[in-house]
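*Asks:* What follows is a single structure, and I will ask about it in a moment.
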Amino acid sequence: MKKIAKSFFRKGDLIIYFLVILITILPFLLPELTIKSNPDNLDLNKTYVEIDYNGNKYSYSLSENQTITLKNGLIIVEIKDKKVRVKQSDCPDKICVKRGWIEKPGQFIICMPNKLIVKIVGNEQYDSITY
Amino acid sequence: MTQLPIEKKTLFFPDRRYILFFSTLAAVFSFIESILPKPFLFIKIGLGYIPILLIIDKVDYLPFISIVLLKSIITGIFAGTLFSFTGLLSIVGSLGCIVAYSLIYFFIKKLSRVSISILLAIFTNIFQLIFYSYFIIKDYNLLKILPLVNLISIITGFITSLISIQIEEKYIELDFENLKNKKIKIKKLK
């Protein structure tokens, strides 16, 4: 019985558990990964919408309202008030349409049947940094 | 209904052929796991690490590394995923396991099986996650799910260590006595 208890806990384990906790909270300590973007502070010259359709990449400004039609009008991507959405699509599940509006850099909408990726690309400004 | 007493068997390994035995056993375990249904595609318990946990504090450094690497290669051959993306991830996970083993190699006798298993699981999954986010999708935002991955690793590592402890307590005993601190040459089979 003692042998079993020994294989569940020994003194050296404390170092391992400390290491495990350190690894778990590491992403919160790195400043690059804790950026929270505020859409009002965005540098709009550097932020743009990137549409990847059938392997070709197109980029559009985020600041002007416009609609982009793809696949002879079957897919409609709408840019409005610094937000983007897929307004209409001919795919069966309509996951890209249900995703709704995206506004922050790094967010994206993916439509697998049409091979479409709508992504907001840009530099994120620091709102707060935690050390 | 009476329960029959289970005889505890001793497995004795006189030479280095145990490397092949345990790597194949681990590969069979992980192949069995790969055909079982999973709740999500990438969440699995890691049954293949049970034979590896059984021998982790009994064998030397180089045999252990060869067992871990052979395990992922043989699994790749069994499942047909050796040169695909899944096989690559499996080999990267083995590298993570080797790094974790190297970290704890000198004081492994002072650690319990549970903590060793948790550490191996975490390193395996972290290496896979870093490899996936930096080299395959090239987007380090994926590293934000690291705490979730660690939580899953702790649970799965705990389960595998429990199974390996039970196997060692009830069913088999491993005997590597002749191997420690001795250089034994493998005799050629006639």
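Chain lettering (A, B, ...) mirrors the order of the structure tokens, residue numbering begins at 1 for each chain separately, and ligand numbering begins at 1 in order of display.
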Could you tell me which residues of chain B sit within 10 Å of chain A when counting only C-alpha atoms, and give me the result as number ranges by chain?
*Replies:* B: 104, 107-116, 118-119, 122-123, 126, 139-151, 154, 158, 161-162, 165-166, 168-169
*Asks:* What's the 7 Å shell around Val84 of chain A, counting only C-alpha atoms, without same-chain residues fewer than 4 positions away, as a PyMOL selection string?
*Replies:* chain A and resi 78-80+101-103
*Asks:* For atom CA of Arg16 of chain B and atom CA of Ile65 of chain B, determine how far apart the two atoms are, in Å to one decimal place.
*Replies:* 13.4 Å
*Asks:* Find the distance between atom CA of Cys97 of chain B and atom CA of Phe64 of chain B and write it in Å to one decimal.
*Replies:* 10.4 Å
*Asks:* List as a short mmCIF file (atom, residue, chain, number, x, y, z; two decimals) with N, CA and C atoms, in the first residue's frame the protein and nucleic acid residues near Val86 of chain A, meaning an atom at most 9 Å away when only C-alpha atoms are counted, but skip any in the same chain fewer than 2 places from it.
*Replies:*
```cif
data_model
loop_
_atom_site.label_atom_id
_atom_site.label_comp_id
_atom_site.auth_asym_id
_atom_site.auth_seq_id
_atom_site.Cartn_x
_atom_site.Cartn_y
_atom_site.Cartn_z
N ILE A 75 -21.81 35.50 -54.29
CA ILE A 75 -21.26 35.84 -52.97
C ILE A 75 -21.15 37.36 -52.88
N ILE A 76 -21.68 37.91 -51.80
CA ILE A 76 -21.59 39.36 -51.59
C ILE A 76 -20.90 39.61 -50.26
N VAL A 77 -19.80 40.35 -50.29
CA VAL A 77 -19.09 40.75 -49.08
C VAL A 77 -19.33 42.25 -48.87
N GLU A 78 -19.77 42.60 -47.68
CA GLU A 78 -20.13 43.99 -47.41
C GLU A 78 -19.18 44.61 -46.40
N ILE A 79 -18.67 45.81 -46.72
CA ILE A 79 -17.85 46.59 -45.78
C ILE A 79 -18.64 47.83 -45.41
N VAL A 84 -16.86 44.26 -41.45
CA VAL A 84 -17.00 43.43 -42.66
C VAL A 84 -17.91 42.25 -42.35
N GLN A 88 -24.13 37.51 -48.41
CA GLN A 88 -24.87 36.45 -49.12
C GLN A 88 -23.89 35.44 -49.67
N SER A 89 -24.27 34.18 -49.61
CA SER A 89 -23.40 33.14 -50.15
C SER A 89 -24.26 31.97 -50.62
N CYS A 96 -20.54 31.09 -43.13
CA CYS A 96 -19.88 32.38 -43.30
C CYS A 96 -20.87 33.52 -43.08
N VAL A 97 -22.14 33.33 -43.48
CA VAL A 97 -23.14 34.39 -43.28
C VAL A 97 -23.51 34.50 -41.80
N LYS A 98 -23.61 33.33 -41.14
CA LYS A 98 -23.99 33.33 -39.71
C LYS A 98 -22.89 33.90 -38.83
N ARG A 99 -21.66 33.94 -39.33
CA ARG A 99 -20.54 34.49 -38.54
C ARG A 99 -20.77 35.96 -38.21
N GLY A 100 -21.47 36.67 -39.05
CA GLY A 100 -21.81 38.06 -38.75
C GLY A 100 -20.67 39.01 -39.04
N TRP A 101 -20.70 40.15 -38.33
CA TRP A 101 -19.72 41.22 -38.57
C TRP A 101 -18.40 40.89 -37.87
N ILE A 109 -13.35 35.40 -41.51
CA ILE A 109 -14.52 34.60 -41.88
C ILE A 109 -14.04 33.59 -42.93
N VAL A 118 -12.10 35.81 -45.66
CA VAL A 118 -12.15 37.26 -45.48
C VAL A 118 -11.45 37.56 -44.17
#
```
*Asks:* Can you list, as an mmCIF file with N, CA and C atoms, in the first residue's frame, every protein, DNA or RNA residue that comes within 10 Å of Thr24 of chain B when you count only C-alpha atoms, leaving out same-chain residues fewer than 4 positions away?
*Replies:*
```cif
data_model
loop_
_atom_site.group_PDB
_atom_site.id
_atom_site.type_symbol
_atom_site.label_atom_id
_atom_site.label_comp_id
_atom_site.auth_asym_id
_atom_site.auth_seq_id
_atom_site.Cartn_x
_atom_site.Cartn_y
_atom_site.Cartn_z
ATOM 1 N N TYR B 18 14.393 -5.469 -25.802
ATOM 2 C CA TYR B 18 13.205 -4.849 -25.203
ATOM 3 C C TYR B 18 12.841 -3.542 -25.878
ATOM 4 N N ILE B 19 13.817 -2.902 -26.553
ATOM 5 C CA ILE B 19 13.519 -1.665 -27.282
ATOM 6 C C ILE B 19 12.448 -1.932 -28.334
ATOM 7 N N LEU B 20 12.644 -3.007 -29.088
ATOM 8 C CA LEU B 20 11.670 -3.347 -30.123
ATOM 9 C C LEU B 20 10.333 -3.733 -29.506
ATOM 10 N N VAL B 28 1.181 -0.267 -31.097
ATOM 11 C CA VAL B 28 -0.100 -0.985 -31.180
ATOM 12 C C VAL B 28 -1.153 -0.260 -30.346
ATOM 13 N N PHE B 29 -0.768 0.176 -29.146
ATOM 14 C CA PHE B 29 -1.712 0.909 -28.293
ATOM 15 C C PHE B 29 -2.189 2.182 -28.979
ATOM 16 N N SER B 30 -1.284 2.937 -29.564
ATOM 17 C CA SER B 30 -1.732 4.203 -30.163
ATOM 18 C C SER B 30 -2.489 3.946 -31.461
ATOM 19 N N GLY B 48 -0.828 5.233 -26.143
ATOM 20 C CA GLY B 48 0.491 4.802 -26.575
ATOM 21 C C GLY B 48 1.583 5.118 -25.578
ATOM 22 N N PRO B 51 2.888 2.073 -22.188
ATOM 23 C CA PRO B 51 4.112 1.260 -22.114
ATOM 24 C C PRO B 51 5.359 2.106 -21.860
ATOM 25 N N ILE B 67 12.971 4.244 -28.187
ATOM 26 C CA ILE B 67 11.622 3.689 -28.053
ATOM 27 C C ILE B 67 10.577 4.730 -28.436
ATOM 28 N N LEU B 70 10.747 5.399 -32.237
ATOM 29 C CA LEU B 70 10.265 4.240 -32.996
ATOM 30 C C LEU B 70 8.756 4.098 -32.886
ATOM 31 N N LYS B 71 8.226 4.466 -31.709
ATOM 32 C CA LYS B 71 6.780 4.379 -31.496
ATOM 33 C C LYS B 71 6.034 5.200 -32.543
ATOM 34 N N SER B 72 6.455 6.455 -32.755
ATOM 35 C CA SER B 72 5.696 7.275 -33.704
ATOM 36 C C SER B 72 5.932 6.813 -35.133
ATOM 37 N N ILE B 73 7.138 6.298 -35.421
ATOM 38 C CA ILE B 73 7.385 5.824 -36.792
ATOM 39 C C ILE B 73 6.568 4.558 -37.082
ATOM 40 N N ILE B 74 6.559 3.629 -36.107
ATOM 41 C CA ILE B 74 5.799 2.378 -36.340
ATOM 42 C C ILE B 74 4.301 2.663 -36.411
ATOM 43 N N THR B 75 3.818 3.598 -35.559
ATOM 44 C CA THR B 75 2.401 3.982 -35.647
ATOM 45 C C THR B 75 2.083 4.536 -37.025
#
```
